[in-house]
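File shown here: final-v4.cif, holding mmCIF, C-alpha atoms.
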data_work
loop_
_atom_site.label_atom_id
_atom_site.label_comp_id
_atom_site.auth_asym_id
_atom_site.auth_seq_id
_atom_site.Cartn_x
_atom_site.Cartn_y
_atom_site.Cartn_z
CA MET A 1 -74.35 129.03 23.05
CA ASN A 2 -71.95 131.63 21.70
CA ARG A 3 -71.06 134.04 24.53
CA TYR A 4 -70.60 136.93 22.09
CA THR A 5 -73.96 138.64 21.32
CA LEU A 6 -74.74 140.60 18.17
CA GLU A 7 -74.63 143.82 20.18
CA GLU A 8 -71.07 143.10 21.20
CA LYS A 9 -69.99 142.15 17.71
CA SER A 10 -69.52 145.63 16.36
CA VAL A 11 -67.48 146.63 19.40
CA LYS A 12 -65.26 143.56 19.51
CA ALA A 13 -64.80 142.98 15.79
CA ALA A 14 -61.69 145.13 15.64
CA VAL A 15 -60.28 143.95 18.98
CA GLN A 16 -58.12 140.86 19.00
CA PRO A 17 -58.72 138.47 21.91
CA SER A 18 -56.08 138.43 24.64
CA VAL A 19 -54.41 135.38 26.09
CA GLN A 20 -55.96 136.18 29.46
CA GLU A 21 -59.44 136.31 27.90
CA VAL A 22 -59.13 132.88 26.28
CA CYS A 23 -57.53 131.37 29.39
CA SER A 24 -60.46 132.60 31.45
CA ASP A 25 -62.88 130.91 29.03
CA VAL A 26 -60.94 127.63 29.17
CA ARG A 27 -61.03 127.64 32.98
CA THR A 28 -64.78 128.29 32.83
CA ARG A 29 -65.45 125.40 30.46
CA LEU A 30 -63.03 122.92 32.03
CA ASN A 31 -62.55 121.96 35.63
CA MET A 32 -58.78 122.56 35.79
CA SER A 33 -58.62 121.36 39.40
CA THR A 34 -59.11 117.80 38.14
CA GLU A 35 -56.83 115.89 35.81
CA VAL A 36 -57.44 117.07 32.26
CA SER A 37 -55.38 115.79 29.34
CA ASP A 38 -53.36 118.12 27.14
CA GLU A 39 -55.46 116.98 24.18
CA ARG A 40 -58.69 118.06 25.94
CA VAL A 41 -57.17 121.44 26.81
CA TYR A 42 -56.10 121.97 23.20
CA ALA A 43 -59.57 120.94 21.97
CA CYS A 44 -61.22 123.42 24.32
CA ILE A 45 -58.87 126.21 23.19
CA ASP A 46 -59.69 125.44 19.56
CA GLU A 47 -63.42 125.60 20.26
CA ILE A 48 -63.11 128.98 21.95
CA ILE A 49 -60.90 130.43 19.20
CA MET A 50 -63.42 129.24 16.57
CA ASP A 51 -66.26 130.90 18.53
CA ILE A 52 -64.34 134.17 18.78
CA SER A 53 -63.30 134.08 15.11
CA ARG A 54 -66.99 134.24 14.09
CA GLU A 55 -67.13 137.67 15.68
CA ARG A 56 -63.58 138.94 15.11
CA HIS A 57 -61.35 138.51 12.11
CA MET A 58 -58.14 136.59 12.87
CA ASN A 59 -55.72 135.25 10.28
CA LEU A 60 -54.41 131.69 10.57
CA GLU A 61 -51.00 132.76 11.89
CA TYR A 62 -52.58 134.74 14.71
CA LYS A 63 -54.88 131.83 15.61
CA LEU A 64 -51.98 129.36 15.81
CA ASN A 65 -49.89 131.78 17.85
CA LEU A 66 -52.78 132.46 20.22
CA ARG A 67 -53.43 128.73 20.59
CA GLU A 68 -49.85 128.04 21.71
CA ARG A 69 -49.66 131.07 24.00
CA VAL A 70 -52.88 130.09 25.76
CA PHE A 71 -51.72 126.48 26.19
CA ASN A 72 -48.33 127.65 27.48
CA SER A 73 -50.05 129.92 29.95
CA LEU A 74 -52.28 127.12 31.23
CA ARG A 75 -49.95 124.15 31.20
CA ARG A 76 -46.37 125.30 30.77
CA LEU A 77 -44.31 128.34 31.69
CA ASP A 78 -46.32 131.04 29.99
CA VAL A 79 -44.25 133.51 27.93
CA LEU A 80 -41.02 131.77 28.97
CA GLN A 81 -41.91 128.60 27.06
CA SER A 82 -41.11 130.02 23.62
CA LEU A 83 -37.75 131.28 24.91
CA LEU A 84 -36.92 127.91 26.42
CA GLU A 85 -37.70 126.23 23.09
CA ASP A 86 -35.58 128.70 21.10
CA GLU A 87 -32.23 126.96 20.56
CA GLU A 88 -30.46 130.27 19.93
CA VAL A 89 -31.36 131.59 23.38
CA THR A 90 -28.73 130.60 25.95
CA GLU A 91 -29.88 132.64 28.94
CA ILE A 92 -33.15 134.23 30.05
CA MET A 93 -33.11 137.17 32.48
CA ILE A 94 -36.43 138.31 33.99
CA ASN A 95 -35.83 141.56 35.87
CA SER A 96 -39.55 142.06 36.48
CA TYR A 97 -42.81 140.76 35.03
CA ASP A 98 -42.59 143.15 32.06
CA ASN A 99 -38.81 143.44 31.68
CA ILE A 100 -37.34 140.31 30.07
CA PHE A 101 -33.91 140.02 28.45
CA VAL A 102 -32.28 137.10 26.65
CA GLU A 103 -28.78 136.21 25.57
CA LYS A 104 -28.80 135.23 21.90
CA ARG A 105 -25.63 134.46 19.93
CA GLY A 106 -23.67 136.14 22.71
CA GLN A 107 -25.68 139.38 22.60
CA LEU A 108 -28.07 140.69 25.27
CA ILE A 109 -31.45 141.54 23.77
CA ARG A 110 -34.57 142.96 25.42
CA THR A 111 -37.68 141.07 24.34
CA GLU A 112 -41.17 142.41 23.80
CA LEU A 113 -42.59 139.64 25.97
CA SER A 114 -44.17 140.26 29.33
CA PHE A 115 -46.38 138.43 31.81
CA GLU A 116 -49.99 139.53 32.18
CA SER A 117 -49.37 140.74 35.71
CA ILE A 118 -47.02 140.59 38.66
CA SER A 119 -49.18 137.91 40.26
CA ARG A 120 -49.02 135.75 37.13
CA TYR A 121 -45.23 136.08 37.07
CA GLU A 122 -44.99 135.14 40.75
CA ASP A 123 -47.22 132.12 40.11
CA ILE A 124 -44.78 130.90 37.43
CA VAL A 125 -41.85 131.43 39.83
CA GLN A 126 -43.57 129.29 42.47
CA GLN A 127 -44.47 126.68 39.85
CA ILE A 128 -40.82 126.35 38.80
CA VAL A 129 -39.48 126.21 42.36
CA SER A 130 -42.09 123.77 43.68
CA GLY A 131 -41.59 121.57 40.61
CA ALA A 132 -38.01 121.02 41.82
CA ASN A 133 -39.20 120.23 45.37
CA ARG A 134 -37.73 123.48 46.66
CA MET A 135 -39.28 126.44 48.46
CA VAL A 136 -38.86 130.18 48.05
CA ASN A 137 -40.48 132.67 50.42
CA GLN A 138 -39.65 135.64 52.62
CA THR A 139 -37.74 133.35 54.98
CA THR A 140 -35.72 131.84 52.12
CA PRO A 141 -35.77 134.53 49.43
CA ILE A 142 -32.89 133.12 47.35
CA VAL A 143 -33.04 129.69 45.72
CA ASP A 144 -31.30 127.75 42.94
CA VAL A 145 -33.22 124.99 41.16
CA ARG A 146 -33.16 123.25 37.82
CA LEU A 147 -35.77 122.52 35.19
CA LYS A 148 -36.46 119.04 33.87
CA ASP A 149 -34.17 119.62 30.90
CA GLY A 150 -31.30 120.51 33.25
CA SER A 151 -31.49 124.29 32.82
CA ARG A 152 -30.36 126.17 35.92
CA VAL A 153 -32.73 128.67 37.56
CA ASN A 154 -31.85 131.33 40.13
CA VAL A 155 -34.66 133.19 41.91
CA ILE A 156 -34.36 136.19 44.23
CA LEU A 157 -37.58 137.53 45.73
CA ALA A 158 -38.48 141.11 46.54
CA PRO A 159 -37.59 143.05 48.66
CA VAL A 160 -34.11 141.52 48.48
CA ALA A 161 -34.42 142.24 44.75
CA ILE A 162 -35.29 145.93 45.08
CA ASP A 163 -37.20 146.35 41.80
CA GLY A 164 -39.17 143.13 42.15
CA THR A 165 -38.62 139.38 41.99
CA THR A 166 -35.88 138.39 39.54
CA MET A 167 -35.33 135.07 37.83
CA THR A 168 -32.35 134.03 35.72
CA ILE A 169 -32.40 130.84 33.65
CA ARG A 170 -29.17 129.39 32.26
CA LYS A 171 -30.40 127.03 29.59
CA PHE A 172 -29.16 123.50 29.30
CA SER A 173 -27.52 122.94 25.94
CA ASP A 174 -28.69 119.81 24.13
CA LYS A 175 -26.65 120.32 20.98
CA GLY A 176 -24.64 117.12 21.31
CA TRP A 177 -21.38 118.97 21.89
CA ASN A 178 -18.13 117.07 21.65
CA MET A 179 -14.46 118.02 21.52
CA ASN A 180 -14.46 118.08 17.73
CA LYS A 181 -17.22 120.70 17.74
CA LEU A 182 -15.24 122.83 20.17
CA VAL A 183 -12.28 122.59 17.80
CA GLU A 184 -14.55 123.61 14.88
CA LYS A 185 -15.79 126.57 16.94
CA GLU A 186 -12.14 127.50 17.57
CA ALA A 187 -12.57 127.22 21.33
CA LEU A 188 -9.40 125.14 21.44
CA SER A 189 -6.99 123.43 19.06
CA HIS A 190 -7.01 119.82 17.91
CA ARG A 191 -3.68 119.28 19.63
CA MET A 192 -5.07 120.51 22.94
CA ALA A 193 -8.04 118.16 22.62
CA GLN A 194 -5.60 115.25 22.25
CA PHE A 195 -3.69 116.52 25.30
CA PHE A 196 -6.86 116.59 27.34
CA ARG A 197 -7.80 113.05 26.30
CA ILE A 198 -4.43 111.69 27.42
CA LEU A 199 -4.51 113.66 30.68
CA VAL A 200 -7.97 112.32 31.60
CA CYS A 201 -7.07 108.75 30.66
CA SER A 202 -3.87 109.06 32.70
CA ARG A 203 -5.94 110.14 35.74
CA TYR A 204 -4.60 113.66 36.19
CA ASN A 205 -6.60 115.76 38.66
CA ILE A 206 -7.95 118.71 36.67
CA ILE A 207 -9.50 122.04 37.66
CA VAL A 208 -11.40 123.99 34.98
CA SER A 209 -11.52 127.68 35.86
CA GLY A 210 -13.04 130.74 34.24
CA SER A 211 -15.58 133.50 34.54
CA THR A 212 -19.37 133.12 34.53
CA GLY A 213 -20.58 131.89 31.15
CA SER A 214 -17.11 130.94 29.91
CA GLY A 215 -18.09 127.31 29.31
CA LYS A 216 -16.68 125.56 32.39
CA THR A 217 -19.54 123.07 32.76
CA THR A 218 -19.55 122.29 29.02
CA LEU A 219 -15.82 121.51 29.03
CA LEU A 220 -16.15 119.45 32.21
CA ASN A 221 -18.87 117.38 30.52
CA LEU A 222 -16.67 116.80 27.48
CA LEU A 223 -13.60 115.92 29.53
CA SER A 224 -15.69 113.26 31.28
CA GLU A 225 -16.33 111.57 27.93
CA PHE A 226 -12.69 110.48 27.95
CA ILE A 227 -13.21 108.53 31.20
CA PRO A 228 -13.17 104.75 30.53
CA ASP A 229 -16.63 103.21 30.84
CA THR A 230 -15.25 100.56 33.20
CA GLU A 231 -14.85 103.07 36.05
CA ARG A 232 -17.29 104.05 38.79
CA ILE A 233 -17.98 107.78 38.96
CA VAL A 234 -19.64 109.89 41.66
CA THR A 235 -20.75 113.42 40.73
CA ILE A 236 -21.46 116.02 43.41
CA GLU A 237 -23.24 119.29 42.65
CA ASP A 238 -25.03 122.14 44.34
CA SER A 239 -27.62 122.13 41.55
CA ALA A 240 -27.27 119.26 39.08
CA GLU A 241 -26.06 120.54 35.70
CA LEU A 242 -23.59 117.92 34.56
CA ASN A 243 -24.69 115.69 31.71
CA LEU A 244 -22.14 112.92 31.72
CA ARG A 245 -22.68 110.38 28.99
CA ASN A 246 -21.41 106.86 28.32
CA ILE A 247 -20.68 106.15 32.00
CA PRO A 248 -22.89 103.22 33.07
CA ASN A 249 -21.61 103.02 36.66
CA MET A 250 -22.37 106.51 37.91
CA VAL A 251 -24.01 107.98 41.02
CA ARG A 252 -25.27 111.60 41.00
CA LEU A 253 -25.50 113.48 44.29
CA GLU A 254 -27.04 116.90 44.88
CA THR A 255 -27.15 119.18 47.92
CA LYS A 256 -30.35 119.72 49.86
CA ASN A 257 -31.61 123.03 51.24
CA ALA A 258 -32.78 123.35 54.83
CA ASN A 259 -36.50 122.96 55.51
CA VAL A 260 -38.79 125.66 56.91
CA GLU A 261 -37.40 125.05 60.42
CA GLY A 262 -33.84 125.52 59.11
CA GLU A 263 -32.99 121.85 59.55
CA HIS A 264 -31.80 118.89 57.47
CA GLU A 265 -29.57 120.85 55.11
CA ILE A 266 -27.01 118.73 53.25
CA LYS A 267 -23.93 120.55 51.99
CA ILE A 268 -21.40 119.69 49.30
CA TRP A 269 -18.64 118.84 51.78
CA GLU A 270 -20.94 116.29 53.45
CA LEU A 271 -21.58 114.64 50.08
CA ILE A 272 -17.85 114.53 49.34
CA LYS A 273 -17.21 112.75 52.65
CA ALA A 274 -20.09 110.34 52.00
CA SER A 275 -18.85 109.61 48.46
CA LEU A 276 -15.61 108.13 49.81
CA ARG A 277 -17.63 105.19 51.16
CA MET A 278 -19.20 104.54 47.76
CA ARG A 279 -16.09 103.03 46.15
CA PRO A 280 -15.63 105.70 43.44
CA ASP A 281 -12.78 105.56 40.95
CA ARG A 282 -13.17 109.29 40.38
CA ILE A 283 -15.10 112.07 42.07
CA ILE A 284 -16.42 114.96 39.98
CA VAL A 285 -17.43 118.09 41.89
CA GLY A 286 -19.48 120.39 39.68
CA GLU A 287 -18.10 123.58 41.23
CA VAL A 288 -16.24 124.51 44.40
CA ARG A 289 -17.28 127.79 45.98
CA GLY A 290 -16.37 127.52 49.66
CA GLU A 291 -15.37 125.21 52.48
CA GLU A 292 -15.94 122.10 50.36
CA ALA A 293 -12.59 122.84 48.66
CA PHE A 294 -10.82 121.47 51.74
CA PHE A 295 -12.70 118.17 51.53
CA MET A 296 -12.30 117.92 47.76
CA ILE A 297 -8.53 118.28 48.00
CA ASN A 298 -7.90 116.29 51.19
CA ALA A 299 -10.76 113.80 51.14
CA ALA A 300 -10.89 113.14 47.40
CA MET A 301 -7.86 114.11 45.31
CA ASN A 302 -5.29 113.23 47.99
CA THR A 303 -6.85 109.91 48.97
CA GLY A 304 -6.23 107.81 45.89
CA HIS A 305 -9.08 109.09 43.72
CA ASP A 306 -6.84 110.30 40.91
CA GLY A 307 -8.54 111.61 37.81
CA SER A 308 -11.02 113.74 39.73
CA LEU A 309 -12.43 116.86 38.07
CA SER A 310 -13.95 120.13 39.24
CA THR A 311 -14.52 123.77 38.28
CA CYS A 312 -14.11 127.12 39.99
CA HIS A 313 -14.47 130.81 39.19
CA ALA A 314 -11.15 132.55 38.50
CA ASN A 315 -9.44 134.96 36.12
CA SER A 316 -6.28 132.90 35.48
CA CYS A 317 -4.66 129.60 36.38
CA LEU A 318 -2.66 131.27 39.15
CA ASP A 319 -5.77 133.03 40.43
CA ALA A 320 -7.62 129.69 40.51
CA LEU A 321 -5.03 128.26 42.91
CA ALA A 322 -5.12 131.41 45.05
CA ARG A 323 -8.91 131.14 45.28
CA LEU A 324 -8.61 127.47 46.24
CA GLU A 325 -6.30 128.52 49.09
CA THR A 326 -8.92 130.97 50.34
CA MET A 327 -11.71 128.41 50.06
CA VAL A 328 -9.68 125.77 51.92
CA LEU A 329 -9.16 128.29 54.75
CA MET A 330 -12.96 128.58 54.97
CA GLY A 331 -13.14 124.87 55.84
CA CYS A 332 -10.25 124.49 58.24
CA GLU A 333 -7.59 126.24 60.28
CA MET A 334 -4.27 125.31 58.70
CA PRO A 335 -1.06 127.25 58.08
CA LEU A 336 -0.95 128.66 54.54
CA PRO A 337 2.25 126.73 53.64
CA ALA A 338 0.52 123.47 54.61
CA ILE A 339 -2.50 124.35 52.47
CA ARG A 340 -0.27 125.12 49.50
CA ARG A 341 1.52 121.79 49.90
CA GLN A 342 -1.85 120.03 49.87
CA ILE A 343 -2.97 121.89 46.74
CA GLY A 344 0.40 121.34 45.03
CA SER A 345 0.09 117.63 45.72
CA ALA A 346 -3.60 117.29 44.77
CA ILE A 347 -4.03 119.43 41.63
CA ASP A 348 -2.19 118.41 38.47
CA ILE A 349 -3.67 120.59 35.71
CA VAL A 350 -5.55 123.90 35.57
CA ILE A 351 -7.44 124.84 32.40
CA GLN A 352 -8.41 128.51 32.14
CA LEU A 353 -11.39 129.49 29.97
CA GLY A 354 -12.43 132.98 28.96
CA ARG A 355 -15.06 134.89 27.06
CA MET A 356 -13.61 137.17 24.41
CA ARG A 357 -14.92 140.59 23.40
CA ASP A 358 -16.57 139.02 20.33
CA LYS A 359 -18.52 136.81 22.80
CA SER A 360 -16.68 133.65 21.72
CA ARG A 361 -15.42 131.22 24.36
CA LYS A 362 -11.86 129.96 24.27
CA VAL A 363 -9.29 128.08 26.30
CA LEU A 364 -6.88 130.87 27.25
CA GLU A 365 -4.18 128.90 29.06
CA VAL A 366 -3.35 125.45 30.35
CA CYS A 367 -0.88 125.05 33.21
CA GLU A 368 0.63 122.13 35.06
CA VAL A 369 1.06 122.33 38.83
CA THR A 370 4.58 121.09 39.45
CA GLY A 371 4.78 121.37 43.24
CA ILE A 372 6.02 123.79 45.89
CA ASP A 373 9.15 125.90 45.94
CA ALA A 374 9.83 128.26 48.87
CA ASP A 375 6.20 127.78 50.00
CA ASP A 376 4.89 128.99 46.63
CA ILE A 377 2.91 126.81 44.21
CA GLN A 378 4.84 126.41 40.96
CA LEU A 379 3.16 126.40 37.57
CA ASN A 380 4.47 125.04 34.29
CA PRO A 381 2.62 126.70 31.37
CA LEU A 382 1.67 124.18 28.67
CA PHE A 383 -0.51 126.20 26.26
CA LEU A 384 -1.25 129.89 25.85
CA PHE A 385 -3.72 131.56 23.48
CA ARG A 386 -2.14 134.33 21.42
CA GLU A 387 -4.45 136.75 19.62
CA THR A 388 -3.36 137.53 16.04
CA GLY A 389 -6.15 139.87 14.88
CA GLU A 390 -9.80 140.09 13.88
CA LYS A 391 -11.71 139.03 10.77
CA ASP A 392 -15.39 139.80 10.16
CA GLY A 393 -15.78 140.72 13.81
CA ARG A 394 -14.30 137.42 15.01
CA ILE A 395 -11.11 137.21 17.05
CA GLU A 396 -8.40 135.07 15.47
CA GLY A 397 -5.45 133.57 17.23
CA GLU A 398 -3.21 130.57 17.85
CA TRP A 399 -2.48 128.33 20.80
CA ASP A 400 1.24 128.33 21.44
CA PHE A 401 2.68 125.18 22.95
CA ILE A 402 5.05 126.42 25.67
CA ASN A 403 6.52 123.51 27.65
CA PRO A 404 6.23 119.73 27.94
CA ILE A 405 4.75 118.17 31.06
CA LYS A 406 7.22 117.77 33.91
CA ARG A 407 5.38 115.43 36.29
CA ARG A 408 5.09 112.32 34.13
CA THR A 409 4.55 109.56 36.69
CA LYS A 410 0.85 109.19 35.89
CA LEU A 411 1.59 109.14 32.15
CA LEU A 412 4.09 106.33 32.68
CA GLN A 413 1.75 104.35 34.94
CA ALA A 414 -1.11 104.62 32.45
CA GLY A 415 1.10 103.82 29.44
CA TYR A 416 0.58 107.18 27.73
CA ASP A 417 4.03 108.72 28.11
CA GLU A 418 5.14 107.89 24.56
CA ALA A 419 1.87 109.19 23.05
CA MET A 420 2.23 112.41 25.02
CA ARG A 421 5.84 112.89 23.90
CA LYS A 422 4.75 112.64 20.28
CA LEU A 423 2.18 115.38 20.87
CA GLU A 424 4.80 117.51 22.59
CA GLU A 425 7.16 117.11 19.64
CA TRP A 426 4.46 118.13 17.15
CA ARG A 427 5.31 121.76 16.44
CA PRO A 428 2.61 123.22 14.13
CA ASP A 429 -0.52 123.93 16.19
CA ARG A 430 -3.06 125.12 13.65
#
Can you turn what I pasted into structure tokens?
Amino acid sequence: MNRYTLEEKSVKAAVQPSVQEVCSDVRTRLNMSTEVSDERVYACIDEIIMDISRERHMNLEYKLNLRERVFNSLRRLDVLQSLLEDEEVTEIMINSYDNIFVEKRGQLIRTELSFESISRYEDIVQQIVSGANRMVNQTTPIVDVRLKDGSRVNVILAPVAIDGTTMTIRKFSDKGWNMNKLVEKEALSHRMAQFFRILVCSRYNIIVSGSTGSGKTTLLNLLSEFIPDTERIVTIEDSAELNLRNIPNMVRLETKNANVEGEHEIKIWELIKASLRMRPDRIIVGEVRGEEAFFMINAAMNTGHDGSLSTCHANSCLDALARLETMVLMGCEMPLPAIRRQIGSAIDIVIQLGRMRDKSRKVLEVCEVTGIDADDIQLNPLFLFRETGEKDGRIEGEWDFINPIKRRTKLLQAGYDEAMRKLEEWRPDR
């Protein structure tokens, strides 16, 4: 029987039904505690919307929109679902249940979306965290997890987050990026892409550095596509984000948070040590942030696993090496000159990325680590981005080739020295 009486009709005719109202009706008609198919949920939503439409006028567009919003609220991630499905949205920032921002085409935009209530928002937070087999509570108020599509989620609960629980979602890009697309987007030059291919094939140890959102993980993924498919790769991450393709013999490792009793935590440095017993040809560490830098340099890059890759946060190539020094000191007590010798021996290439004022991402500099002189790490600049002006709000520039590579042993061993010399002799870099 229709739940809307004739007496109610005149009152409700001008009032559009809310998502919460329809959700409540669905829960009443269906036993959501048991397994109910998506098709049955959709059918029930349709029935309720048809019942309501007899009393209240709704155009087709509103009905379809309401249908999806109700389903998303019941089965998916509520108001976040439409943002996750929007390919132009690269980041979602929820400052509170009714204060949601997104990054779209490099611009921060406040949306009109909001959750029904604080409790509904907190339910979605718990749904996301528990779906990744993690836990967030007052004992562990900060957690990093990932969604099924690889998107990275950071949650900080109140009262650590003063104005209420915050959640930040860095979306996983499924655009099928490759080096050619980065060249088309003017993130780097064609010549640099060829350089990178030869460096990876020649098993140079490479660090990709840059600020947050500069594209470090994207470039690391694309560099890995140059790895021969005959090699065995082990990836190690705090929260799995890498999407390495065309590597059949690959093992992916991820850290583990401590349980409620504060036990059984597994850190990145432990995974690096364990990976050495897995017969890897290369070890890829998603990002180094602390003491694991010591194990990456000494237990991976300096133990015959040439061609290893990693990323770190830094403002320049020189700053990246200085930060590595600091992080190594967090994992061991060694004299600074000894640490610098280890870094100078382990790291071959540093690629610095940056985000320009027009929100574009570019490779800003590429440097070769040539060794130690007077206890200082020496850098040989290979490429440098030079800004030439702006056109239609877009920054224009060129990548100047500065110097050829000095340490060529790996090029010679891999048979790429001649190919590299041809690239180094190629003067126009447009």
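In this structure, CA of Ile162 in chain A sits 16.8 Å away from CA of Val125 in chain A.
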Enumerate, as a count of residues only, the residues matched when the PyMOL selection byres ((chain A and resi 86) around 12) is run on the file above. 20
Distance query range 272-282 of chain A at most 6 Å, only C-alpha atoms, self and fewer than 3 positions along chain excluded, as a list in words: Glu231, Arg232, Ile233, Trp269, His305, Gly307 and Ser308 of chain A
Please expand the PyMOL selection byres ((chain A and resi 414-427) around 6) into the concrete residues it hits in this file, giving the result as an mmCIF file with C-alpha atoms, in the frame of the given file.
data_model
loop_
_atom_site.group_PDB
_atom_site.id
_atom_site.type_symbol
_atom_site.label_atom_id
_atom_site.label_comp_id
_atom_site.auth_asym_id
_atom_site.auth_seq_id
_atom_site.Cartn_x
_atom_site.Cartn_y
_atom_site.Cartn_z
ATOM 1 C CA SER A 202 -3.870 109.060 32.700
ATOM 2 C CA PRO A 404 6.230 119.730 27.940
ATOM 3 C CA LEU A 411 1.590 109.140 32.150
ATOM 4 C CA LEU A 412 4.090 106.330 32.680
ATOM 5 C CA GLN A 413 1.750 104.350 34.940
ATOM 6 C CA PRO A 428 2.610 123.220 14.130
#
CA of Leu157 in chain A and CA of Glu291 in chain A are how many Å apart?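 For CA of Leu157 in chain A relative to CA of Glu291 in chain A, the distance reads 26.3 Å.
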Got a sec: who's within 8 Å of Glu387 in chain A, counting only C-alpha atoms, leaving out chain neighbours fewer than 5 positions off, as an MDAnalysis selection string? chainID A and resid 395:398
Could you tell me how far CA of Ser345 in chain A sits from CA of Asp376 in chain A, in Å to one decimal place?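 These atoms are spaced 12.4 Å apart.
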List the residues selected by the PyMOL selection byres ((chain A and resi 182-189) around 8) in the file shown, writing them as a list in words.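 Given this file, the PyMOL selection byres ((chain A and resi 182-189) around 8) evaluates to Trp177, Asn178, Met179, Asn180, Lys181, His190, Arg191, Met192, Ala193, Ser360, Arg361, Lys362, Val363, Trp399, Asp429 and Arg430 of chain A.
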Identify which of the residues A:Phe196, A:Tyr204, A:Tyr62, A:Tyr97 lies closest to Thr165 in chain A, counting only C-alpha atoms when measuring atom-to-atom distances. A:Tyr97
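Candidate residues A:Ile207, A:Val251, A:Met167, A:Cys317 were compared for distance to Ile128 in chain A, and the nearest is A:Met167, using all atoms listed in the file.
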My list of candidates is A:Val350, A:Ile52, A:Val288, A:Ala300. Which is closest to Ser316 in chain A when distances are computed with all atoms listed in the file?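 Closest to Ser316 in chain A, using all atoms listed in the file: A:Val350.
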List as number ranges by chain the protein and nucleic acid residues near Glu287 in chain A, meaning an atom at most 6 Å away when all atoms listed in the file are counted, but skip any in the same chain fewer than 3 places from it. A: 310-312
Between A:Val79, A:Val36, A:Ile142, A:Val155, which is the closest to Asn95 in chain A once you count all atoms listed in the file?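 Among the listed residues, the smallest separation from Asn95 in chain A belongs to A:Val155.
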Residues at most 10 Å from Val22 in chain A, counting all atoms listed in the file, excluding those fewer than 2 positions away in the same chain, as a PyMOL selection string? chain A and resi 17-20+24-28+44-45+48-49+52+66-67+69-71
Could those selected residues go to a file with C-alpha atoms, as a CSV table (one decimal), in the coordinates of the input?
chain,number,residue,atom,x,y,z
A,17,PRO,CA,-58.7,138.5,21.9
A,18,SER,CA,-56.1,138.4,24.6
A,19,VAL,CA,-54.4,135.4,26.1
A,20,GLN,CA,-56.0,136.2,29.5
A,24,SER,CA,-60.5,132.6,31.4
A,25,ASP,CA,-62.9,130.9,29.0
A,26,VAL,CA,-60.9,127.6,29.2
A,27,ARG,CA,-61.0,127.6,33.0
A,28,THR,CA,-64.8,128.3,32.8
A,44,CYS,CA,-61.2,123.4,24.3
A,45,ILE,CA,-58.9,126.2,23.2
A,48,ILE,CA,-63.1,129.0,22.0
A,49,ILE,CA,-60.9,130.4,19.2
A,52,ILE,CA,-64.3,134.2,18.8
A,66,LEU,CA,-52.8,132.5,20.2
A,67,ARG,CA,-53.4,128.7,20.6
A,69,ARG,CA,-49.7,131.1,24.0
A,70,VAL,CA,-52.9,130.1,25.8
A,71,PHE,CA,-51.7,126.5,26.2
Using all atoms listed in the file for the distances, tell me which of A:Ile268, A:Leu244, A:Met50, A:Leu199 is nearest to Arg289 in chain A.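 The answer is A:Ile268, which sits nearest to Arg289 in chain A.
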At a cut-off of 9 Å, using all atoms listed in the file, what residues contact Asp98 in chain A? Leave out same-chain residues fewer than 5 positions from it and give the result as a list of chain:residue names. A:Glu112, A:Leu113, A:Ser114, A:Phe115, A:Glu116, A:Ser117, A:Ile118
